[in-house]
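Q: My questions all concern the structure below.
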Amino acid sequence: MIELIDLTKCYGATTAVDGLSVSIQSGMVTGFLGPNGAGKSTTMRMIVGLDKPTAGRVLIDGKALIDDPAPMTTIGALLDAGTVPKACSGRNYLLGLAATHGFGATRVDQLLELTGLTAVAHRPFKTYSLGMGQRLGIAAALIGDPEIVLLDEPVNGLDPEGVLWVRSLVKQLAAEGRTVFLSSHLMSEMAQTADHLIILGRGHLLADTPMDEFLRASSEVASRVRSPQAALLAQALAAPTVRVSFEGPDEIIVHGVQPGAVGQVAAQYGWVIDGLAPVISSLEDAYMQLTDSSVEYRSGATAPQPLYARPSTSNTTSDKETH
Amino acid sequence: MTTALSIPHVAAPADRREHNRTFTRMIASELIKAKALPSTLWCAVLTVLLGMAITAGILGLIQHDSLGSHPLPRGIAVGLTLESAFVPIIAGCLLASVEYASNAIRTTLATTQRRVAWLGAKAVASVIIQVITQLIAVIMCAIVAVTVCAARGVSLAVEPHQIGWIALCVLGAVMLHLMGLALGMLTRSAAASITISVGIMWVLLTIVDMASYMLPWMVHVLPAVPYNALSALVGANGQSEAHTWWTTQLGGGTVCLIWLVVFSAGAAVLLKRRDA
Ligand SMILES: Nc1ncnc2c1ncn2[C@@H]1O[C@H](COP(=O)(O)OP(=O)(O)OP(=O)(O)O)[C@@H](O)[C@H]1O
Ligand SMILES: [Mg+2]
């Protein structure tokens, strides 16, 4: 278990993390979300002791990591992929790391096998693709068979097979009772992987909640109905608090009414219902709703102005004509 | 890429204690890392080749009757240390700065946690590599020296008690190497640490030397310049210089050590305090 107690980190005038207090439980995958610059990577660096907190502290299973006699077996982290000297081969890199805790070539070869890197293990790191580098970073994190696995954007650059592999891997790690803490910007991926969510916005904690609860809480009451009498049903349900949107000729979404209530009205009139389900918002919707006010680096809403005007086909007045 | 899903386990939790991080293991790790870097090999090869070239050059060009006035081991060792001093110092700079250039330092420190102990382990590993390199260089230089002298019809005096000189010269090279390592850790950049090394070793020498012509008291500063201290340590001081304790071998060694301790302490303190 990782406990963050009032954790704060300032870089000069920038407060990257501000009074963060959460605990990350073992036996589940905890997803770490937040817009760019929210402080996720900074928090992860503080957990492994790379950045010194300005205030507050981090406890790993109740102790400070620095007092751990075998840090590698306690925590394994992928912070940024590609932290390997260019000329060093992947295998030598892992061998060097493994040696600090007395692990040898057998262990390293097991991990190369696990991450699918055996064929390229002897090649210098500079020849690795983005995904290979990411896999090597994951291998490095797992050398010590650690209790806690910290992964900062692990699927960044992985192919679909790799993404699937990471998803299954982290789920299995969690099932084995380990603490898995991972950040990602891929909402669909996170929705399928994480059991619990911690969401940061500008260094502040926005949410610390189980995934399903988060989705439920951010879903408004709404029902999706499929029925040959959809139009009649919409009329029957009409009320000031109810909004109906048509998805098709016989499919409607009724905002503000529980599925049960829709069923009762249909039964009253003896109408046929082909499908009836609550509308649950996606993680992406829920996340966007929550973080909307904490997005620091927002993309422009309109297309950039072209540097040079293109020849226009419409007959608007040009500069020449005004003279 | 095909991947497996079953994570191979290390051992039962009770056996994990066999996998503690220890100082010796960190040294072993640093040796593996250094061996995996081509720059280590290139610096070693350069040390040996440069030594051989210098030996061949000096013994091949020197006047016939001067040959033999410098007994073999000492002459070679002194030449090797002073003329190729830039190699061990740059090798040290590279060994440290490569950690930062690749950001590998983050993985290293996250894995080892004890930063100063890790730096100590890195220093020990560097010393091991440096000593081996220097000994190979001395042996190769001796072979060159004997060959060149034989070709010129002179037999060189090899005095066994002068083997001690070789040890001093190796010590000098090791101190230079560690100084480079400390500067690399301090600046976290190959370019900056190499520039500062050259500045401290050679530019400082020139500046203090010139200044001592204008400001007579600067003469007393001369022994504190690293290059002069190194010369004193290996016993290569010119006859004209003022002889004080600082220009003796022990004095020179002490000055070298002071510089080394200052840089190393700075490197250790900053490594401990700074964000990695
Ligand atoms: N070494 C540093 N020096 C100065 N500022 C930093 C440093 N590291 C991070 N920051 C700042 O701290 C804030 C948080 O950065 P961080 O990298 O933790 O964000 P993040 O949540 O990981 O973002 P992303 O999703 O883009 O990876 C940012 O404003 C960043 O500019
Ligand atoms: Mg980040």
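Please note that chains go A, B, ... in the order of the structure tokens, that every chain numbers its residues from 1, and that ligands are numbered from 1 in the order shown.
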Compile the contact shell of Leu230 of chain B as a ChimeraX atom specification: residues with an atom at most 9 Å away, counting only C-alpha atoms, same-chain residues fewer than 6 positions apart removed.
A: /B:81-82,169,172-173,176,236,249,252-253,255-256
Q: Please check which protein, DNA or RNA residues sit within 6 Å of ligand 1, counting only C-alpha atoms and all ligand atoms, and write them as a count of residues only.
A: 11
Q: For Ala268 of chain B, please output as an NGL selection string all residues within 9 Å (counting only C-alpha atoms; exclusion window: fewer than 5 positions along the same chain).
A: :B and (115-116 or 119-120 or 182 or 185-186 or 263 or 273)
Q: Nearest to ligand 2: which of A:Pro154, A:Pro228, A:Pro146, A:Gly56 is it, counting only C-alpha atoms and all ligand atoms?
A: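 Using only C-alpha atoms and all ligand atoms, the shortest distance to ligand 2 belongs to A:Pro154.
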Q: Mind listing the alpha helix (DSSP H) residues of segment 19-223 of chain B, per DSSP on the backbone, as JSON, numbers by chain?
A: {"B": [23, 24, 25, 26, 27, 28, 29, 30, 31, 32, 33, 34, 35, 36, 38, 39, 40, 41, 42, 43, 44, 45, 46, 47, 48, 49, 50, 51, 52, 53, 54, 55, 56, 57, 58, 59, 60, 61, 72, 73, 74, 75, 76, 77, 78, 79, 80, 81, 82, 83, 86, 87, 88, 89, 90, 91, 92, 93, 94, 95, 96, 97, 98, 99, 100, 101, 104, 105, 106, 107, 108, 109, 110, 111, 112, 115, 116, 117, 118, 119, 120, 121, 122, 123, 124, 125, 126, 127, 128, 129, 130, 131, 132, 133, 134, 135, 136, 137, 138, 139, 140, 141, 142, 143, 144, 145, 146, 147, 148, 149, 150, 151, 163, 164, 165, 166, 167, 168, 169, 170, 171, 172, 173, 174, 175, 176, 177, 178, 179, 180, 181, 182, 183, 184, 185, 186, 187, 190, 191, 192, 193, 194, 195, 196, 197, 198, 204, 205, 206, 207, 208, 209, 210, 211, 212, 213, 214]}
Q: Per residue of segment 27-96 of chain A within 7 Å of segment 28-40 of chain B, what are the shortest atom pair and its distance in Å to one decimal, counting only C-alpha atoms, with rows by chain and residue number, as a Markdown table?
A:
| residue | atom | partner | partner_atom | distance |
| --- | --- | --- | --- | --- |
| A:Ala87 | CA | B:Leu37 | CA | 6.4 |
| A:Cys88 | CA | B:Ala36 | CA | 5.7 |
| A:Asn92 | CA | B:Ala36 | CA | 6.3 |
| A:Tyr93 | CA | B:Lys33 | CA | 6.9 |
| A:Gly96 | CA | B:Ser29 | CA | 4.6 |
Q: Which residues of chain A are close to chain B, meaning at most 6 Å apart when you count only C-alpha atoms, and how do they look as a VMD selection string?
A: chain A and resid 48 50 to 51 66 69 to 70 72 83 to 85 88 96 99 to 102 114 to 116 145
Q: Could you give me, as a short mmCIF file (atom, residue, chain, number, x, y, z; two decimals) with all heavy atoms, in the first residue's frame, each residue of segment 102-260 of chain A that DSSP assigns to strand (DSSP E or B) when run on this structure's backbone?
A:
data_model
loop_
_atom_site.label_atom_id
_atom_site.label_comp_id
_atom_site.auth_asym_id
_atom_site.auth_seq_id
_atom_site.Cartn_x
_atom_site.Cartn_y
_atom_site.Cartn_z
N PRO A 124 21.81 -2.59 -29.56
CA PRO A 124 21.93 -1.34 -28.78
C PRO A 124 20.59 -0.63 -28.67
O PRO A 124 19.77 -0.71 -29.60
CB PRO A 124 22.94 -0.50 -29.56
CG PRO A 124 23.15 -1.19 -30.85
CD PRO A 124 22.67 -2.58 -30.74
N ILE A 148 4.78 -3.54 -5.35
CA ILE A 148 4.09 -2.37 -5.88
C ILE A 148 4.61 -2.08 -7.28
O ILE A 148 5.83 -2.08 -7.50
CB ILE A 148 4.36 -1.15 -4.98
CG1 ILE A 148 3.82 -1.41 -3.57
CG2 ILE A 148 3.75 0.11 -5.56
CD1 ILE A 148 4.23 -0.39 -2.56
N VAL A 149 3.71 -1.87 -8.20
CA VAL A 149 4.13 -1.55 -9.57
C VAL A 149 3.55 -0.19 -9.95
O VAL A 149 2.37 0.05 -9.82
CB VAL A 149 3.65 -2.63 -10.57
CG1 VAL A 149 4.12 -2.30 -11.96
CG2 VAL A 149 4.16 -4.00 -10.15
N LEU A 150 4.46 0.68 -10.38
CA LEU A 150 4.10 2.06 -10.70
C LEU A 150 4.35 2.25 -12.20
O LEU A 150 5.48 2.09 -12.65
CB LEU A 150 5.07 2.95 -9.94
CG LEU A 150 4.58 4.16 -9.19
CD1 LEU A 150 3.63 3.73 -8.11
CD2 LEU A 150 5.76 4.87 -8.56
N LEU A 151 3.34 2.57 -12.96
CA LEU A 151 3.56 2.71 -14.40
C LEU A 151 3.01 4.05 -14.89
O LEU A 151 1.81 4.31 -14.78
CB LEU A 151 2.86 1.55 -15.15
CG LEU A 151 3.24 0.12 -14.73
CD1 LEU A 151 2.30 -0.89 -15.36
CD2 LEU A 151 4.67 -0.21 -15.12
N ASP A 152 3.89 4.88 -15.40
CA ASP A 152 3.49 6.19 -15.92
C ASP A 152 3.28 6.06 -17.43
O ASP A 152 4.24 5.89 -18.17
CB ASP A 152 4.56 7.24 -15.59
CG ASP A 152 4.03 8.66 -15.74
OD1 ASP A 152 2.84 8.82 -16.08
OD2 ASP A 152 4.81 9.61 -15.52
N THR A 179 0.04 -3.96 -5.43
CA THR A 179 -0.50 -2.62 -5.63
C THR A 179 -0.11 -2.18 -7.02
O THR A 179 1.07 -2.19 -7.36
CB THR A 179 0.13 -1.65 -4.61
OG1 THR A 179 0.00 -2.22 -3.31
CG2 THR A 179 -0.52 -0.29 -4.66
N VAL A 180 -1.08 -1.84 -7.83
CA VAL A 180 -0.75 -1.37 -9.18
C VAL A 180 -1.30 0.05 -9.35
O VAL A 180 -2.48 0.29 -9.11
CB VAL A 180 -1.36 -2.30 -10.26
CG1 VAL A 180 -0.98 -1.81 -11.64
CG2 VAL A 180 -0.91 -3.73 -10.05
N PHE A 181 -0.40 0.94 -9.71
CA PHE A 181 -0.77 2.35 -9.84
C PHE A 181 -0.35 2.80 -11.22
O PHE A 181 0.84 2.78 -11.53
CB PHE A 181 -0.03 3.14 -8.76
CG PHE A 181 -0.50 4.56 -8.59
CD1 PHE A 181 -1.83 4.89 -8.69
CD2 PHE A 181 0.41 5.57 -8.29
CE1 PHE A 181 -2.26 6.20 -8.52
CE2 PHE A 181 -0.01 6.88 -8.11
CZ PHE A 181 -1.35 7.20 -8.21
N LEU A 182 -1.31 3.14 -12.07
CA LEU A 182 -0.87 3.52 -13.41
C LEU A 182 -1.61 4.74 -13.94
O LEU A 182 -2.77 4.97 -13.62
CB LEU A 182 -0.99 2.35 -14.40
CG LEU A 182 -2.29 2.06 -15.13
CD1 LEU A 182 -2.01 1.21 -16.34
CD2 LEU A 182 -3.22 1.31 -14.22
N SER A 183 -0.87 5.54 -14.69
CA SER A 183 -1.46 6.73 -15.28
C SER A 183 -1.63 6.48 -16.76
O SER A 183 -0.89 5.69 -17.36
CB SER A 183 -0.56 7.94 -15.06
OG SER A 183 0.50 7.91 -15.97
N HIS A 196 -10.08 1.42 -9.45
CA HIS A 196 -10.21 2.58 -8.60
C HIS A 196 -9.58 3.77 -9.32
O HIS A 196 -8.68 3.57 -10.11
CB HIS A 196 -9.48 2.31 -7.27
CG HIS A 196 -9.80 3.30 -6.20
ND1 HIS A 196 -10.78 3.07 -5.27
CD2 HIS A 196 -9.28 4.51 -5.90
CE1 HIS A 196 -10.86 4.11 -4.44
NE2 HIS A 196 -9.95 4.99 -4.80
N LEU A 197 -10.05 4.95 -9.06
CA LEU A 197 -9.51 6.11 -9.77
C LEU A 197 -9.04 7.19 -8.80
O LEU A 197 -9.69 7.46 -7.78
CB LEU A 197 -10.59 6.75 -10.65
CG LEU A 197 -10.99 6.05 -11.92
CD1 LEU A 197 -12.06 6.86 -12.62
CD2 LEU A 197 -9.77 5.90 -12.84
N ILE A 198 -7.91 7.77 -9.13
CA ILE A 198 -7.47 8.99 -8.44
C ILE A 198 -7.30 10.03 -9.53
O ILE A 198 -6.58 9.80 -10.50
CB ILE A 198 -6.17 8.75 -7.66
CG1 ILE A 198 -6.45 7.80 -6.49
CG2 ILE A 198 -5.59 10.06 -7.16
CD1 ILE A 198 -5.25 7.41 -5.72
N ILE A 199 -8.00 11.14 -9.38
CA ILE A 199 -7.94 12.16 -10.43
C ILE A 199 -7.38 13.46 -9.86
O ILE A 199 -7.81 13.93 -8.81
CB ILE A 199 -9.34 12.40 -11.05
CG1 ILE A 199 -9.90 11.06 -11.53
CG2 ILE A 199 -9.26 13.39 -12.20
CD1 ILE A 199 -11.26 11.15 -12.18
N LEU A 200 -6.38 13.97 -10.56
CA LEU A 200 -5.74 15.22 -10.15
C LEU A 200 -6.11 16.32 -11.14
O LEU A 200 -6.30 16.07 -12.31
CB LEU A 200 -4.21 15.08 -10.22
CG LEU A 200 -3.43 14.44 -9.08
CD1 LEU A 200 -1.95 14.72 -9.30
CD2 LEU A 200 -3.87 14.96 -7.74
N GLY A 201 -6.17 17.54 -10.64
CA GLY A 201 -6.32 18.69 -11.52
C GLY A 201 -5.49 19.81 -10.92
O GLY A 201 -5.69 20.16 -9.77
N HIS A 204 -4.25 19.35 -7.44
CA HIS A 204 -5.22 19.07 -6.38
C HIS A 204 -5.94 17.76 -6.63
O HIS A 204 -6.17 17.39 -7.78
CB HIS A 204 -6.27 20.19 -6.31
CG HIS A 204 -5.71 21.48 -5.85
ND1 HIS A 204 -5.53 21.78 -4.53
CD2 HIS A 204 -5.28 22.56 -6.55
CE1 HIS A 204 -5.02 22.99 -4.43
NE2 HIS A 204 -4.84 23.48 -5.64
N LEU A 205 -6.35 17.12 -5.56
CA LEU A 205 -7.13 15.90 -5.69
C LEU A 205 -8.55 16.25 -6.11
O LEU A 205 -9.24 17.01 -5.43
CB LEU A 205 -7.15 15.16 -4.34
CG LEU A 205 -7.87 13.83 -4.33
CD1 LEU A 205 -7.14 12.82 -5.20
CD2 LEU A 205 -8.00 13.30 -2.92
N LEU A 206 -9.01 15.71 -7.25
CA LEU A 206 -10.38 15.97 -7.69
C LEU A 206 -11.29 14.81 -7.33
O LEU A 206 -12.47 14.99 -7.05
CB LEU A 206 -10.43 16.21 -9.20
CG LEU A 206 -9.71 17.43 -9.75
CD1 LEU A 206 -9.92 17.52 -11.25
CD2 LEU A 206 -10.20 18.70 -9.07
N ALA A 207 -10.75 13.59 -7.38
CA ALA A 207 -11.58 12.43 -7.05
C ALA A 207 -10.70 11.28 -6.59
O ALA A 207 -9.56 11.13 -7.05
CB ALA A 207 -12.37 12.00 -8.28
N ASP A 208 -11.20 10.50 -5.65
CA ASP A 208 -10.53 9.31 -5.15
C ASP A 208 -11.67 8.33 -4.90
O ASP A 208 -12.27 8.33 -3.83
CB ASP A 208 -9.77 9.66 -3.86
CG ASP A 208 -9.17 8.42 -3.20
OD1 ASP A 208 -9.15 7.36 -3.85
OD2 ASP A 208 -8.74 8.53 -2.04
N THR A 209 -12.00 7.54 -5.90
CA THR A 209 -13.24 6.78 -5.84
C THR A 209 -13.16 5.50 -6.67
O THR A 209 -12.39 5.43 -7.63
CB THR A 209 -14.41 7.66 -6.36
OG1 THR A 209 -15.35 6.85 -7.04
CG2 THR A 209 -13.93 8.68 -7.37
N PRO A 210 -13.95 4.48 -6.30
CA PRO A 210 -14.00 3.28 -7.14
C PRO A 210 -14.54 3.65 -8.52
O PRO A 210 -15.39 4.55 -8.63
CB PRO A 210 -14.99 2.37 -6.41
CG PRO A 210 -15.02 2.85 -5.01
CD PRO A 210 -14.75 4.33 -5.07
N ALA A 222 -31.16 8.66 -16.90
CA ALA A 222 -31.65 8.63 -18.27
C ALA A 222 -31.88 7.19 -18.70
O ALA A 222 -31.24 6.28 -18.17
CB ALA A 222 -30.64 9.29 -19.21
N SER A 223 -32.83 7.00 -19.63
CA SER A 223 -33.12 5.65 -20.09
C SER A 223 -33.13 5.62 -21.61
O SER A 223 -33.59 6.56 -22.25
CB SER A 223 -34.51 5.21 -19.61
OG SER A 223 -34.67 5.56 -18.26
N ARG A 224 -32.60 4.53 -22.12
CA ARG A 224 -32.63 4.34 -23.56
C ARG A 224 -33.75 3.33 -23.85
O ARG A 224 -33.77 2.24 -23.27
CB ARG A 224 -31.28 3.81 -24.03
CG ARG A 224 -31.19 3.53 -25.52
CD ARG A 224 -29.82 2.90 -25.83
NE ARG A 224 -28.74 3.86 -25.61
CZ ARG A 224 -28.28 4.69 -26.55
NH1 ARG A 224 -28.81 4.69 -27.75
NH2 ARG A 224 -27.30 5.51 -26.27
N VAL A 225 -34.68 3.70 -24.71
CA VAL A 225 -35.83 2.85 -24.96
C VAL A 225 -35.94 2.55 -26.45
O VAL A 225 -35.79 3.45 -27.28
CB VAL A 225 -37.16 3.57 -24.55
CG1 VAL A 225 -38.31 2.57 -24.55
CG2 VAL A 225 -37.02 4.25 -23.22
N ARG A 226 -36.19 1.25 -26.77
CA ARG A 226 -36.49 0.88 -28.14
C ARG A 226 -37.90 0.30 -28.17
O ARG A 226 -38.20 -0.65 -27.43
CB ARG A 226 -35.45 -0.10 -28.67
CG ARG A 226 -34.93 0.33 -30.01
CD ARG A 226 -33.63 -0.35 -30.49
NE ARG A 226 -33.00 -1.26 -29.59
CZ ARG A 226 -33.16 -2.60 -29.69
NH1 ARG A 226 -33.93 -3.11 -30.61
NH2 ARG A 226 -32.51 -3.37 -28.88
N ARG A 243 -36.69 15.34 -20.77
CA ARG A 243 -36.28 15.74 -22.11
C ARG A 243 -36.11 14.46 -22.94
O ARG A 243 -35.50 13.50 -22.45
CB ARG A 243 -34.96 16.50 -22.02
CG ARG A 243 -34.55 17.21 -23.29
CD ARG A 243 -33.40 18.19 -22.98
NE ARG A 243 -32.32 17.56 -22.20
CZ ARG A 243 -31.34 16.85 -22.76
NH1 ARG A 243 -31.28 16.71 -24.05
NH2 ARG A 243 -30.40 16.31 -22.00
N VAL A 244 -36.65 14.45 -24.12
CA VAL A 244 -36.57 13.24 -24.93
C VAL A 244 -35.76 13.55 -26.19
O VAL A 244 -35.96 14.57 -26.83
CB VAL A 244 -37.98 12.76 -25.34
CG1 VAL A 244 -37.87 11.51 -26.22
CG2 VAL A 244 -38.81 12.45 -24.11
N SER A 245 -34.82 12.67 -26.50
CA SER A 245 -34.12 12.85 -27.78
C SER A 245 -34.30 11.59 -28.61
O SER A 245 -34.24 10.48 -28.09
CB SER A 245 -32.64 13.15 -27.53
OG SER A 245 -32.08 12.13 -26.75
N PHE A 246 -34.54 11.79 -29.90
CA PHE A 246 -34.78 10.65 -30.80
C PHE A 246 -33.45 10.16 -31.37
O PHE A 246 -32.70 10.93 -31.95
CB PHE A 246 -35.74 11.06 -31.91
CG PHE A 246 -37.18 11.00 -31.47
CD1 PHE A 246 -37.74 12.05 -30.78
CD2 PHE A 246 -37.94 9.86 -31.73
CE1 PHE A 246 -39.05 11.98 -30.35
CE2 PHE A 246 -39.26 9.80 -31.30
CZ PHE A 246 -39.83 10.87 -30.60
N GLU A 247 -33.17 8.89 -31.20
CA GLU A 247 -31.94 8.29 -31.71
C GLU A 247 -32.22 7.61 -33.05
O GLU A 247 -31.31 7.28 -33.79
CB GLU A 247 -31.41 7.25 -30.73
CG GLU A 247 -31.08 7.81 -29.35
CD GLU A 247 -29.79 8.61 -29.35
OE1 GLU A 247 -28.72 8.00 -29.52
OE2 GLU A 247 -29.86 9.85 -29.19
N GLY A 248 -33.46 7.31 -33.31
CA GLY A 248 -33.87 6.63 -34.53
C GLY A 248 -35.40 6.64 -34.54
O GLY A 248 -36.00 7.17 -33.62
N GLU A 251 -36.29 4.52 -31.52
CA GLU A 251 -35.39 4.53 -30.37
C GLU A 251 -35.30 5.94 -29.79
O GLU A 251 -35.06 6.91 -30.52
CB GLU A 251 -34.00 4.04 -30.77
CG GLU A 251 -33.08 3.91 -29.57
CD GLU A 251 -31.80 3.14 -29.87
OE1 GLU A 251 -31.80 2.35 -30.84
OE2 GLU A 251 -30.83 3.35 -29.16
N ILE A 252 -35.51 6.06 -28.48
CA ILE A 252 -35.42 7.37 -27.84
C ILE A 252 -34.57 7.29 -26.58
O ILE A 252 -34.40 6.21 -26.00
CB ILE A 252 -36.82 7.93 -27.46
CG1 ILE A 252 -37.60 6.88 -26.67
CG2 ILE A 252 -37.59 8.40 -28.67
CD1 ILE A 252 -38.91 7.40 -26.10
N ILE A 253 -34.00 8.43 -26.20
CA ILE A 253 -33.36 8.52 -24.90
C ILE A 253 -34.18 9.49 -24.08
O ILE A 253 -34.44 10.62 -24.51
CB ILE A 253 -31.90 8.98 -25.00
CG1 ILE A 253 -31.06 7.87 -25.65
CG2 ILE A 253 -31.33 9.30 -23.62
CD1 ILE A 253 -29.61 8.17 -25.79
N VAL A 254 -34.63 9.01 -22.92
CA VAL A 254 -35.47 9.84 -22.07
C VAL A 254 -34.62 10.32 -20.90
O VAL A 254 -34.21 9.53 -20.04
CB VAL A 254 -36.69 9.04 -21.55
CG1 VAL A 254 -37.67 9.97 -20.85
CG2 VAL A 254 -37.35 8.29 -22.67
N HIS A 255 -34.31 11.61 -20.89
CA HIS A 255 -33.49 12.17 -19.82
C HIS A 255 -34.39 12.55 -18.66
O HIS A 255 -35.43 13.18 -18.85
CB HIS A 255 -32.74 13.41 -20.31
CG HIS A 255 -31.80 13.12 -21.43
ND1 HIS A 255 -30.48 12.80 -21.26
CD2 HIS A 255 -32.01 13.08 -22.77
CE1 HIS A 255 -29.90 12.60 -22.41
NE2 HIS A 255 -30.82 12.75 -23.37
#
Q: Tell me which of A:Leu33, A:Ala105, A:Leu283, A:Ala236 sits closest to ligand 2, counting only C-alpha atoms and all ligand atoms.
A: A:Leu33
Q: When you draw a straight line from atom CA of Gly251 of chain B to atom CA of Ile166 of chain B, how long is it in Å?
A: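 About the pair atom CA of Gly251 of chain B and atom CA of Ile166 of chain B: they are 18.0 Å apart.
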